[in-house]
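Data block for target.pdb (PDB, C-alpha atoms):
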ATOM      1  CA  MET A1140      -6.077 -38.933 -28.355
ATOM      2  CA  THR A1141      -4.981 -35.808 -30.235
ATOM      3  CA  GLU A1142      -2.626 -33.176 -28.827
ATOM      4  CA  GLU A1143      -5.592 -30.818 -28.544
ATOM      5  CA  GLU A1144      -7.581 -33.385 -26.570
ATOM      6  CA  ILE A1145      -4.594 -34.100 -24.315
ATOM      7  CA  ALA A1146      -4.208 -30.395 -23.604
ATOM      8  CA  HIS A1147      -7.754 -30.317 -22.238
ATOM      9  CA  GLU A1148      -7.133 -33.187 -19.808
ATOM     10  CA  LEU A1149      -7.139 -32.019 -16.160
ATOM     11  CA  SER A1150      -4.329 -34.400 -15.250
ATOM     12  CA  HIS A1151      -2.149 -33.461 -18.178
ATOM     13  CA  ARG A1152       1.138 -31.739 -17.372
ATOM     14  CA  LYS A1153       1.023 -28.127 -18.548
ATOM     15  CA  PHE A1154       4.764 -27.414 -18.401
ATOM     16  CA  TYR A1155       7.316 -29.248 -20.509
ATOM     17  CA  LYS A1156       9.848 -31.403 -18.720
ATOM     18  CA  ALA A1157      13.425 -30.144 -18.552
ATOM     19  CA  GLU A1158      14.608 -32.868 -20.932
ATOM     20  CA  GLN A1159      11.983 -31.763 -23.466
ATOM     21  CA  GLU A1160      13.032 -28.131 -23.177
ATOM     22  CA  ALA A1161      16.638 -29.187 -23.670
ATOM     23  CA  GLY A1162      15.541 -31.054 -26.788
ATOM     24  CA  PHE A1163      13.943 -27.900 -28.151
ATOM     25  CA  VAL A1164      17.232 -26.094 -27.675
ATOM     26  CA  GLU A1165      19.243 -28.794 -29.434
ATOM     27  CA  ALA A1166      16.808 -28.791 -32.358
ATOM     28  CA  HIS A1167      17.686 -25.196 -33.206
ATOM     29  CA  GLN A1168      20.879 -23.773 -34.610
ATOM     30  CA  TYR A1169      22.201 -20.832 -32.679
ATOM     31  CA  VAL A1170      23.553 -18.270 -35.118
ATOM     32  CA  THR A1171      23.261 -14.854 -33.489
ATOM     33  CA  PRO A1172      25.969 -13.466 -31.167
ATOM     34  CA  GLN A1173      23.471 -13.459 -28.327
ATOM     35  CA  GLN A1174      22.604 -17.120 -28.804
ATOM     36  CA  GLN A1175      26.245 -18.152 -29.080
ATOM     37  CA  ASP A1176      27.355 -16.464 -25.870
ATOM     38  CA  PRO A1177      27.708 -18.759 -22.800
ATOM     39  CA  ALA A1178      25.274 -16.506 -20.932
ATOM     40  CA  TYR A1179      22.476 -17.808 -23.143
ATOM     41  CA  ARG A1180      22.965 -21.483 -22.272
ATOM     42  CA  LEU A1181      20.336 -23.233 -20.186
ATOM     43  CA  ALA A1182      21.744 -23.119 -16.662
ATOM     44  CA  PHE A1183      21.339 -26.862 -16.049
ATOM     45  CA  ARG A1184      23.149 -27.643 -19.325
ATOM     46  CA  ASP A1185      25.978 -25.180 -18.662
ATOM     47  CA  THR A1186      28.842 -27.236 -17.203
ATOM     48  CA  ASP A1187      31.144 -24.242 -16.880
ATOM     49  CA  PHE A1188      28.501 -22.515 -14.787
ATOM     50  CA  LEU A1189      27.872 -25.587 -12.597
ATOM     51  CA  LEU A1190      31.595 -25.864 -11.856
ATOM     52  CA  ARG A1191      31.930 -22.309 -10.532
ATOM     53  CA  GLU A1192      33.021 -21.841  -6.914
ATOM     54  CA  GLU A1193      29.708 -20.220  -6.051
ATOM     55  CA  LEU A1194      27.834 -23.362  -7.144
ATOM     56  CA  ARG A1195      29.498 -25.647  -4.570
ATOM     57  CA  PRO A1196      26.295 -25.839  -2.450
ATOM     58  CA  ILE A1197      24.383 -27.004  -5.526
ATOM     59  CA  ARG A1198      27.010 -29.660  -6.252
ATOM     60  CA  PHE A1199      26.661 -30.848  -2.645
ATOM     61  CA  GLN A1200      22.940 -31.262  -3.209
ATOM     62  CA  LEU A1201      23.447 -33.143  -6.461
ATOM     63  CA  GLU A1202      25.910 -35.606  -4.903
ATOM     64  CA  LEU A1203      23.517 -36.171  -2.028
ATOM     65  CA  LEU A1204      20.435 -36.530  -4.199
ATOM     66  CA  LYS A1205      21.586 -38.640  -7.167
ATOM     67  CA  PRO A1206      22.682 -41.796  -5.270
ATOM     68  CA  GLU A1207      19.766 -41.443  -2.848
ATOM     69  CA  MET A1208      17.243 -41.411  -5.681
ATOM     70  CA  LEU A1209      18.832 -44.265  -7.634
ATOM     71  CA  LEU A1210      19.271 -46.495  -4.571
ATOM     72  CA  ASP A1211      15.655 -45.885  -3.626
ATOM     73  CA  GLU A1212      14.538 -46.721  -7.165
ATOM     74  CA  ALA A1213      16.607 -49.920  -6.967
ATOM     75  CA  GLY A1214      14.620 -51.003  -3.920
ATOM     76  CA  ILE A1215      17.557 -50.957  -1.517
ATOM     77  CA  GLY A1216      16.395 -50.523   2.060
ATOM     78  CA  SER A1217      19.657 -51.071   3.903
ATOM     79  CA  THR A1218      23.296 -52.002   3.402
ATOM     80  CA  LEU A1219      26.136 -53.947   4.943
ATOM     81  CA  VAL A1220      29.065 -51.580   4.496
ATOM     82  CA  MET A1221      32.565 -52.995   4.204
ATOM     83  CA  TYR A1222      35.630 -50.799   4.763
ATOM     84  CA  GLY A1223      39.231 -51.853   4.263
ATOM     85  CA  SER A1224      42.577 -51.391   2.589
ATOM     86  CA  ALA A1225      43.064 -50.872  -1.131
ATOM     87  CA  ARG A1226      46.482 -52.578  -0.872
ATOM     88  CA  ILE A1227      45.894 -56.033   0.586
ATOM     89  CA  PRO A1228      46.240 -58.535  -2.266
ATOM     90  CA  ALA A1229      43.869 -61.319  -3.165
ATOM     91  CA  PRO A1230      45.497 -64.689  -2.371
ATOM     92  CA  GLU A1231      46.022 -65.384  -6.073
ATOM     93  CA  GLU A1232      47.991 -62.129  -6.396
ATOM     94  CA  ALA A1233      50.430 -62.863  -3.554
ATOM     95  CA  ASP A1234      53.275 -64.163  -5.753
ATOM     96  CA  ALA A1235      53.133 -61.100  -7.998
ATOM     97  CA  VAL A1236      53.224 -58.739  -5.007
ATOM     98  CA  LEU A1237      56.266 -60.494  -3.600
ATOM     99  CA  ALA A1238      58.019 -60.535  -6.970
ATOM    100  CA  ALA A1239      57.536 -56.772  -7.316
ATOM    101  CA  ALA A1240      59.362 -56.092  -4.021
ATOM    102  CA  THR A1241      62.830 -54.945  -5.118
ATOM    103  CA  THR A1242      64.468 -54.200  -1.743
ATOM    104  CA  PRO A1243      64.556 -55.980   1.630
ATOM    105  CA  GLU A1244      62.404 -53.254   3.116
ATOM    106  CA  LYS A1245      59.795 -53.545   0.364
ATOM    107  CA  ARG A1246      59.872 -57.323   0.641
ATOM    108  CA  LEU A1247      59.098 -57.084   4.368
ATOM    109  CA  VAL A1248      56.107 -54.836   3.646
ATOM    110  CA  ALA A1249      54.988 -57.189   0.871
ATOM    111  CA  GLU A1250      55.140 -60.148   3.240
ATOM    112  CA  ARG A1251      53.015 -58.282   5.776
ATOM    113  CA  LEU A1252      50.434 -57.451   3.133
ATOM    114  CA  ILE A1253      50.387 -61.035   1.894
ATOM    115  CA  ALA A1254      49.830 -62.236   5.461
ATOM    116  CA  LYS A1255      46.637 -60.172   5.443
ATOM    117  CA  ALA A1256      45.365 -61.789   2.221
ATOM    118  CA  ARG A1257      43.160 -63.994   4.387
ATOM    119  CA  TYR A1258      41.057 -60.917   5.111
ATOM    120  CA  TYR A1259      40.296 -60.683   1.386
ATOM    121  CA  GLU A1260      38.776 -64.142   1.671
ATOM    122  CA  GLU A1261      36.896 -63.258   4.862
ATOM    123  CA  ALA A1262      35.455 -60.128   3.239
ATOM    124  CA  ARG A1263      34.413 -62.133   0.219
ATOM    125  CA  ARG A1264      32.793 -64.807   2.393
ATOM    126  CA  LEU A1265      30.915 -62.265   4.529
ATOM    127  CA  ALA A1266      29.524 -60.697   1.363
ATOM    128  CA  GLN A1267      28.455 -64.124   0.137
ATOM    129  CA  ILE A1268      26.695 -64.934   3.419
ATOM    130  CA  ALA A1269      24.876 -61.587   3.629
ATOM    131  CA  SER A1270      23.894 -61.605  -0.047
ATOM    132  CA  ARG A1271      22.691 -65.213   0.060
ATOM    133  CA  SER A1272      20.432 -64.379   3.007
ATOM    134  CA  ALA A1273      18.344 -62.158   0.678
ATOM    135  CA  VAL A1274      16.529 -60.323   3.495
ATOM    136  CA  VAL A1275      13.503 -58.451   2.127
ATOM    137  CA  GLU A1276      11.152 -56.326   4.228
ATOM    138  CA  ASP A1277       8.333 -54.105   2.998
ATOM    139  CA  GLY A1278       9.485 -54.712  -0.554
ATOM    140  CA  LYS A1279      12.993 -53.403   0.158
ATOM    141  CA  ARG A1280      16.229 -55.398   0.034
ATOM    142  CA  HIS A1281      18.377 -55.349   3.165
ATOM    143  CA  PHE A1282      22.067 -55.899   3.918
ATOM    144  CA  VAL A1283      22.973 -55.174   0.300
ATOM    145  CA  ILE A1284      26.753 -55.111   0.114
ATOM    146  CA  CYS A1285      28.264 -51.643  -0.172
ATOM    147  CA  SER A1286      31.973 -50.929  -0.606
ATOM    148  CA  GLY A1287      34.172 -48.063  -1.696
ATOM    149  CA  GLY A1288      34.157 -49.607  -5.145
ATOM    150  CA  GLY A1289      37.939 -49.916  -5.430
ATOM    151  CA  PRO A1290      40.440 -52.784  -5.296
ATOM    152  CA  SER A1291      41.513 -55.211  -2.570
ATOM    153  CA  ILE A1292      39.083 -55.525   0.368
ATOM    154  CA  MET A1293      36.533 -53.420  -1.511
ATOM    155  CA  GLU A1294      36.818 -55.721  -4.511
ATOM    156  CA  ALA A1295      36.419 -58.754  -2.245
ATOM    157  CA  ALA A1296      33.143 -57.350  -0.905
ATOM    158  CA  ASN A1297      31.626 -56.793  -4.332
ATOM    159  CA  ARG A1298      33.081 -60.054  -5.598
ATOM    160  CA  GLY A1299      31.433 -62.023  -2.814
ATOM    161  CA  ALA A1300      28.035 -60.612  -3.762
ATOM    162  CA  ALA A1301      28.644 -61.383  -7.428
ATOM    163  CA  ASP A1302      29.621 -64.960  -6.504
ATOM    164  CA  VAL A1303      26.037 -65.658  -5.423
ATOM    165  CA  GLY A1304      24.374 -63.625  -8.165
ATOM    166  CA  ALA A1305      23.524 -60.622  -5.989
ATOM    167  CA  GLU A1306      23.829 -56.929  -6.762
ATOM    168  CA  SER A1307      26.211 -54.723  -4.796
ATOM    169  CA  ILE A1308      27.036 -51.046  -4.477
ATOM    170  CA  GLY A1309      30.311 -49.218  -5.117
ATOM    171  CA  LEU A1310      30.888 -45.657  -3.903
ATOM    172  CA  ASN A1311      33.980 -44.485  -5.775
ATOM    173  CA  ILE A1312      35.827 -41.205  -5.250
ATOM    174  CA  THR A1313      37.618 -39.169  -7.900
ATOM    175  CA  LEU A1314      41.368 -39.088  -7.273
ATOM    176  CA  ARG A1315      44.285 -37.524  -9.128
ATOM    177  CA  HIS A1316      45.667 -40.921 -10.053
ATOM    178  CA  GLU A1317      43.565 -43.291 -12.113
ATOM    179  CA  HIS A1318      40.926 -45.041 -10.032
ATOM    180  CA  THR A1319      38.247 -47.152 -11.678
ATOM    181  CA  PRO A1320      35.501 -49.246 -10.087
ATOM    182  CA  ASN A1321      36.344 -52.885  -9.557
ATOM    183  CA  ALA A1322      34.793 -55.297 -12.038
ATOM    184  CA  TYR A1323      32.333 -56.780  -9.521
ATOM    185  CA  VAL A1324      30.312 -53.647  -8.707
ATOM    186  CA  THR A1325      26.822 -53.734 -10.208
ATOM    187  CA  PRO A1326      27.028 -51.120 -13.009
ATOM    188  CA  HIS A1327      23.783 -49.310 -12.210
ATOM    189  CA  LEU A1328      24.812 -49.166  -8.529
ATOM    190  CA  SER A1329      28.287 -47.765  -9.231
ATOM    191  CA  PHE A1330      28.589 -44.133  -8.143
ATOM    192  CA  GLN A1331      31.375 -41.581  -8.406
ATOM    193  CA  PHE A1332      31.870 -38.801  -5.856
ATOM    194  CA  HIS A1333      33.862 -35.606  -5.831
ATOM    195  CA  TYR A1334      33.323 -34.833  -2.150
ATOM    196  CA  PHE A1335      34.596 -37.241   0.505
ATOM    197  CA  ALA A1336      32.029 -35.880   2.985
ATOM    198  CA  LEU A1337      29.065 -36.745   0.773
ATOM    199  CA  ARG A1338      30.511 -40.173   0.011
ATOM    200  CA  LYS A1339      30.894 -40.924   3.725
ATOM    201  CA  MET A1340      27.348 -39.764   4.339
ATOM    202  CA  HIS A1341      26.050 -42.224   1.744
ATOM    203  CA  PHE A1342      28.060 -45.025   3.325
ATOM    204  CA  LEU A1343      26.049 -44.569   6.516
ATOM    205  CA  LEU A1344      22.600 -43.374   5.418
ATOM    206  CA  ARG A1345      21.442 -46.940   4.730
ATOM    207  CA  ALA A1346      24.027 -48.836   6.800
ATOM    208  CA  ARG A1347      22.628 -51.441   9.184
ATOM    209  CA  ALA A1348      26.047 -52.953   9.907
ATOM    210  CA  VAL A1349      29.668 -52.063   9.146
ATOM    211  CA  ALA A1350      32.623 -54.406   8.809
ATOM    212  CA  ALA A1351      36.041 -52.742   9.025
ATOM    213  CA  PHE A1352      39.006 -54.761   7.793
ATOM    214  CA  PRO A1353      42.676 -53.777   8.168
ATOM    215  CA  GLY A1354      43.268 -50.523   6.337
ATOM    216  CA  GLY A1355      44.996 -47.160   6.329
ATOM    217  CA  PHE A1356      43.993 -43.523   6.623
ATOM    218  CA  GLY A1357      40.786 -43.949   4.613
ATOM    219  CA  THR A1358      39.577 -46.877   6.702
ATOM    220  CA  PHE A1359      40.451 -45.048   9.926
ATOM    221  CA  ASP A1360      38.665 -41.919   8.744
ATOM    222  CA  GLU A1361      35.492 -43.832   7.923
ATOM    223  CA  LEU A1362      35.576 -46.004  11.048
ATOM    224  CA  PHE A1363      36.259 -43.246  13.565
ATOM    225  CA  GLU A1364      33.611 -40.976  12.089
ATOM    226  CA  LEU A1365      31.108 -43.808  12.528
ATOM    227  CA  LEU A1366      32.220 -44.431  16.115
ATOM    228  CA  THR A1367      31.957 -40.709  16.861
ATOM    229  CA  LEU A1368      28.450 -40.462  15.404
ATOM    230  CA  ILE A1369      27.222 -43.312  17.604
ATOM    231  CA  GLN A1370      29.196 -42.209  20.680
ATOM    232  CA  THR A1371      27.678 -38.713  20.511
ATOM    233  CA  GLY A1372      24.152 -39.948  19.832
ATOM    234  CA  LYS A1373      23.951 -38.494  16.329
ATOM    235  CA  MET A1374      23.372 -42.009  14.997
ATOM    236  CA  GLN A1375      21.678 -44.993  16.579
ATOM    237  CA  PRO A1376      23.907 -48.012  17.327
ATOM    238  CA  ILE A1377      24.527 -50.579  14.626
ATOM    239  CA  PRO A1378      26.835 -53.624  14.653
ATOM    240  CA  ILE A1379      30.445 -52.578  14.012
ATOM    241  CA  LEU A1380      32.791 -55.487  13.345
ATOM    242  CA  LEU A1381      36.570 -55.005  13.366
ATOM    243  CA  PHE A1382      38.297 -57.851  11.571
ATOM    244  CA  GLY A1383      41.666 -58.889  12.986
ATOM    245  CA  ALA A1384      42.522 -58.693  16.670
ATOM    246  CA  ASP A1385      46.259 -58.651  15.931
ATOM    247  CA  PHE A1386      45.969 -55.727  13.532
ATOM    248  CA  TRP A1387      43.594 -53.536  15.524
ATOM    249  CA  GLY A1388      45.319 -54.331  18.816
ATOM    250  CA  ARG A1389      48.619 -53.205  17.361
ATOM    251  CA  VAL A1390      47.572 -50.041  15.530
ATOM    252  CA  VAL A1391      44.985 -48.651  17.992
ATOM    253  CA  ASN A1392      45.117 -49.035  21.752
ATOM    254  CA  PHE A1393      41.424 -48.604  22.467
ATOM    255  CA  ALA A1394      41.807 -49.671  26.086
ATOM    256  CA  ALA A1395      44.420 -46.965  26.651
ATOM    257  CA  LEU A1396      41.971 -44.324  25.419
ATOM    258  CA  ALA A1397      39.550 -45.423  28.131
ATOM    259  CA  GLU A1398      42.308 -45.578  30.751
ATOM    260  CA  GLU A1399      43.355 -42.033  29.853
ATOM    261  CA  GLY A1400      39.776 -40.896  30.315
ATOM    262  CA  VAL A1401      39.358 -39.518  26.782
ATOM    263  CA  ILE A1402      36.610 -42.051  26.041
ATOM    264  CA  SER A1403      34.261 -43.865  28.377
ATOM    265  CA  PRO A1404      34.854 -47.539  29.200
ATOM    266  CA  ALA A1405      31.354 -48.106  27.813
ATOM    267  CA  ASP A1406      32.566 -46.850  24.430
ATOM    268  CA  LEU A1407      34.625 -50.023  24.095
ATOM    269  CA  GLY A1408      31.315 -51.799  23.619
ATOM    270  CA  LEU A1409      30.508 -49.889  20.445
ATOM    271  CA  PHE A1410      32.327 -52.503  18.364
ATOM    272  CA  HIS A1411      33.260 -56.177  18.311
ATOM    273  CA  VAL A1412      36.592 -57.601  17.197
ATOM    274  CA  VAL A1413      36.109 -60.698  15.040
ATOM    275  CA  GLU A1414      38.197 -63.064  12.943
ATOM    276  CA  THR A1415      35.753 -64.790  10.623
ATOM    277  CA  ALA A1416      32.831 -63.926   8.381
ATOM    278  CA  GLU A1417      30.608 -66.347  10.259
ATOM    279  CA  GLU A1418      31.422 -64.689  13.572
ATOM    280  CA  ALA A1419      30.654 -61.250  12.137
ATOM    281  CA  TRP A1420      27.359 -62.373  10.613
ATOM    282  CA  GLY A1421      26.421 -63.936  13.935
ATOM    283  CA  HIS A1422      26.768 -60.555  15.658
ATOM    284  CA  ILE A1423      24.631 -58.909  12.963
ATOM    285  CA  THR A1424      21.810 -61.453  13.106
ATOM    286  CA  ALA A1425      21.840 -61.434  16.911
ATOM    287  CA  PHE A1426      21.629 -57.644  17.021
ATOM    288  CA  TYR A1427      18.519 -57.611  14.805
ATOM    289  CA  GLY A1428      17.004 -60.817  16.155
ATOM    290  CA  LEU A1429      17.083 -62.487  12.737
ATOM    291  CA  ASP A1430      16.567 -66.226  12.339
ATOM    292  CA  LEU A1431      17.835 -66.943   8.840
ATOM    293  CA  ASP A1432      18.563 -70.666   9.151
TER     294      ASP A1432
END
As structure tokens, how would this structure be written, given the file I've shared?
Amino acid sequence: MTEEEIAHELSHRKFYKAEQEAGFVEAHQYVTPQQQDPAYRLAFRDTDFLLREELRPIRFQLELLKPEMLLDEAGIGSTLVMYGSARIPAPEEADAVLAAATTPEKRLVAERLIAKARYYEEARRLAQIASRSAVVEDGKRHFVICSGGGPSIMEAANRGAADVGAESIGLNITLRHEHTPNAYVTPHLSFQFHYFALRKMHFLLRARAVAAFPGGFGTFDELFELLTLIQTGKMQPIPILLFGADFWGRVVNFAALAEEGVISPADLGLFHVVETAEEAWGHITAFYGLDLD
């Protein structure tokens, strides 16, 4: 079919796509002062323009839309989100962590981190179990592993999926110090965010269960926002699994919050404290009535 014949087709697109228009621009040499001025650039190709303060709402939209579109195209219906520290070592890294501790105080901290290395293994095993289950409904994959894309517990989550040949998601955040995705994140499901708020939104948009391992400010931020969303009815309940009774019992006195009246006693039922991957997966399958044996 000739270009003239195509043009007369009712279903034929009459406007050029943006990428085609951009190609027209790149095919020409800009030589006049008007053409060479930044004002003449196509707005969507003008990075300086997109980075202006006034364009923040547009950048919000882009960070919301890009992962949403790509995850939908990848056929991902829901996720099992795994939060946790970026500092807990994998068991095979324990000796190196201890060797790097140069003072008694640092050695004590190193020993405490090494004691939590078992959670790396539990995170990895939970990811293996969920990924091996391969739940598919209406053509969409469910309980796809999703982490923050970084090291430690996040790495364990993506690593567990990779162990059984499954894809997994990494939602990285740009930081001042170097921060690259761990090697186990599926490349086409590895995303980078500028805004923490949009990243946290994507953690929960597809979440059908969340496992929170021992962690610091970031883990607390993500966990307590989730608890607040469910407590206030902004989000429907999902299984929330807190790994490590010793850790969570020491760092957060949930019972005291209820005793002080600042949360309801019923709010203590929003989560379950677990120790093993199998226990956590049992809560998830029971919640959704899944028989995956």
- Task: Determine the nearest neighbour of A:Leu1265 from the options A:Glu1158, A:Glu1417, A:Asp1360, A:Glu1148, counting all atoms listed in the file.
- Result: A:Glu1417
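Atom CA of A:Ile1227 is found 6.4 Å from atom CA of A:Lys1255.
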List, as a JSON list (two decimals) with C-alpha atoms, in the coordinates of the input, every residue that the PyMOL selection byres ((chain A and resi 1331) around 10) selects in the file provided.
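New file part_27.json:
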[["chain", "number", "residue", "atom", "x", "y", "z"],
["A", 1202, "GLU", "CA", 25.91, -35.61, -4.90],
["A", 1206, "PRO", "CA", 22.68, -41.80, -5.27],
["A", 1287, "GLY", "CA", 34.17, -48.06, -1.70],
["A", 1288, "GLY", "CA", 34.16, -49.61, -5.14],
["A", 1309, "GLY", "CA", 30.31, -49.22, -5.12],
["A", 1310, "LEU", "CA", 30.89, -45.66, -3.90],
["A", 1311, "ASN", "CA", 33.98, -44.48, -5.78],
["A", 1312, "ILE", "CA", 35.83, -41.20, -5.25],
["A", 1313, "THR", "CA", 37.62, -39.17, -7.90],
["A", 1319, "THR", "CA", 38.25, -47.15, -11.68],
["A", 1320, "PRO", "CA", 35.50, -49.25, -10.09],
["A", 1329, "SER", "CA", 28.29, -47.76, -9.23],
["A", 1330, "PHE", "CA", 28.59, -44.13, -8.14],
["A", 1332, "PHE", "CA", 31.87, -38.80, -5.86],
["A", 1333, "HIS", "CA", 33.86, -35.61, -5.83],
["A", 1334, "TYR", "CA", 33.32, -34.83, -2.15],
["A", 1338, "ARG", "CA", 30.51, -40.17, 0.01]]
- Message: Between atom CA of A:Pro1376 and atom CA of A:Ala1262, what is the distance in Å, rounded to a tenth?
- Response: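 The value is 21.9 Å.
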- Task: Enumerate, as a PyMOL selection string, the residues matched when the PyMOL selection byres ((chain A and resi 1383) around 9) is run on the file above.
- Result: chain A and resi 1258+1352-1353+1381-1382+1384-1388+1412-1415
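Nearest residue to A:Ala1273, choosing from A:Ala1256, A:Met1293, A:Gly1216, A:Ala1348 and counting all atoms listed in the file: A:Gly1216.
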I need the residue set behind the PyMOL selection byres ((chain A and resi 1393-1396) around 12) for this file; please write it as a short mmCIF file (atom, residue, chain, number, x, y, z; two decimals) with C-alpha atoms, in the coordinates of the input.
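File written: selection-v9.cif
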data_model
loop_
_atom_site.label_atom_id
_atom_site.label_comp_id
_atom_site.auth_asym_id
_atom_site.auth_seq_id
_atom_site.Cartn_x
_atom_site.Cartn_y
_atom_site.Cartn_z
CA PHE A 1363 36.26 -43.25 13.56
CA LEU A 1366 32.22 -44.43 16.11
CA ALA A 1384 42.52 -58.69 16.67
CA TRP A 1387 43.59 -53.54 15.52
CA GLY A 1388 45.32 -54.33 18.82
CA ARG A 1389 48.62 -53.20 17.36
CA VAL A 1390 47.57 -50.04 15.53
CA VAL A 1391 44.98 -48.65 17.99
CA ASN A 1392 45.12 -49.04 21.75
CA ALA A 1397 39.55 -45.42 28.13
CA GLU A 1398 42.31 -45.58 30.75
CA GLU A 1399 43.36 -42.03 29.85
CA GLY A 1400 39.78 -40.90 30.32
CA VAL A 1401 39.36 -39.52 26.78
CA ILE A 1402 36.61 -42.05 26.04
CA SER A 1403 34.26 -43.86 28.38
CA PRO A 1404 34.85 -47.54 29.20
CA ALA A 1405 31.35 -48.11 27.81
CA ASP A 1406 32.57 -46.85 24.43
CA LEU A 1407 34.62 -50.02 24.10
CA GLY A 1408 31.32 -51.80 23.62
CA LEU A 1409 30.51 -49.89 20.44
CA PHE A 1410 32.33 -52.50 18.36
CA HIS A 1411 33.26 -56.18 18.31
CA VAL A 1412 36.59 -57.60 17.20
#
- Task: Counting only C-alpha atoms, figure out which residue out of A:Leu1204, A:Ile1284, A:Ala1254, A:Leu1343 gets nearest to A:Arg1271.
- Result: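 Between A:Leu1204, A:Ile1284, A:Ala1254, A:Leu1343, the residue approaching A:Arg1271 most closely is A:Ile1284.
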- Message: Taking only C-alpha atoms into account, name the residue in A:Gly1428, A:Pro1378, A:Pro1228, A:Gly1223 that is nearest to A:Phe1359.
- Response: A:Gly1223
Please provide the set of residues having any atom within 8 Å of A:Arg1184, restricted to only C-alpha atoms, with same-chain residues fewer than 3 positions apart removed, written as a PDB file with C-alpha atoms, in the coordinates of the input.
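Done, and the output landed in out.pdb:
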ATOM      1  CA  ALA A1161      16.638 -29.187 -23.670  1.00  0.00           C
ATOM      2  CA  ARG A1180      22.965 -21.483 -22.272  1.00  0.00           C
ATOM      3  CA  LEU A1181      20.336 -23.233 -20.186  1.00  0.00           C
TER       4      LEU A1181
END
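Atom pair atom CA of A:Phe1183 / atom CA of A:Ile1197 has a distance of 11.0 Å (rounded to one decimal).
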Box in all listed atoms of stretch 1259-1278 of chain A, axis-aligned, with 5 Å more on each side; write out centre and edge lengths in Å to one decimal as AutoDock Vina command-line options.
--center_x 24.3 --center_y -59.7 --center_z 2.2 --size_x 42.0 --size_y 21.1 --size_z 15.4
- Residue nearest A:Asp1302 among A:Val1274, A:Ile1253, A:Val1349, A:Ala1266 (counting only C-alpha atoms): A:Ala1266
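Distance check against A:Phe1426 using only C-alpha atoms: of A:Leu1365, A:Asn1321, A:Arg1347, A:Ala1240, the minimum falls on A:Arg1347.
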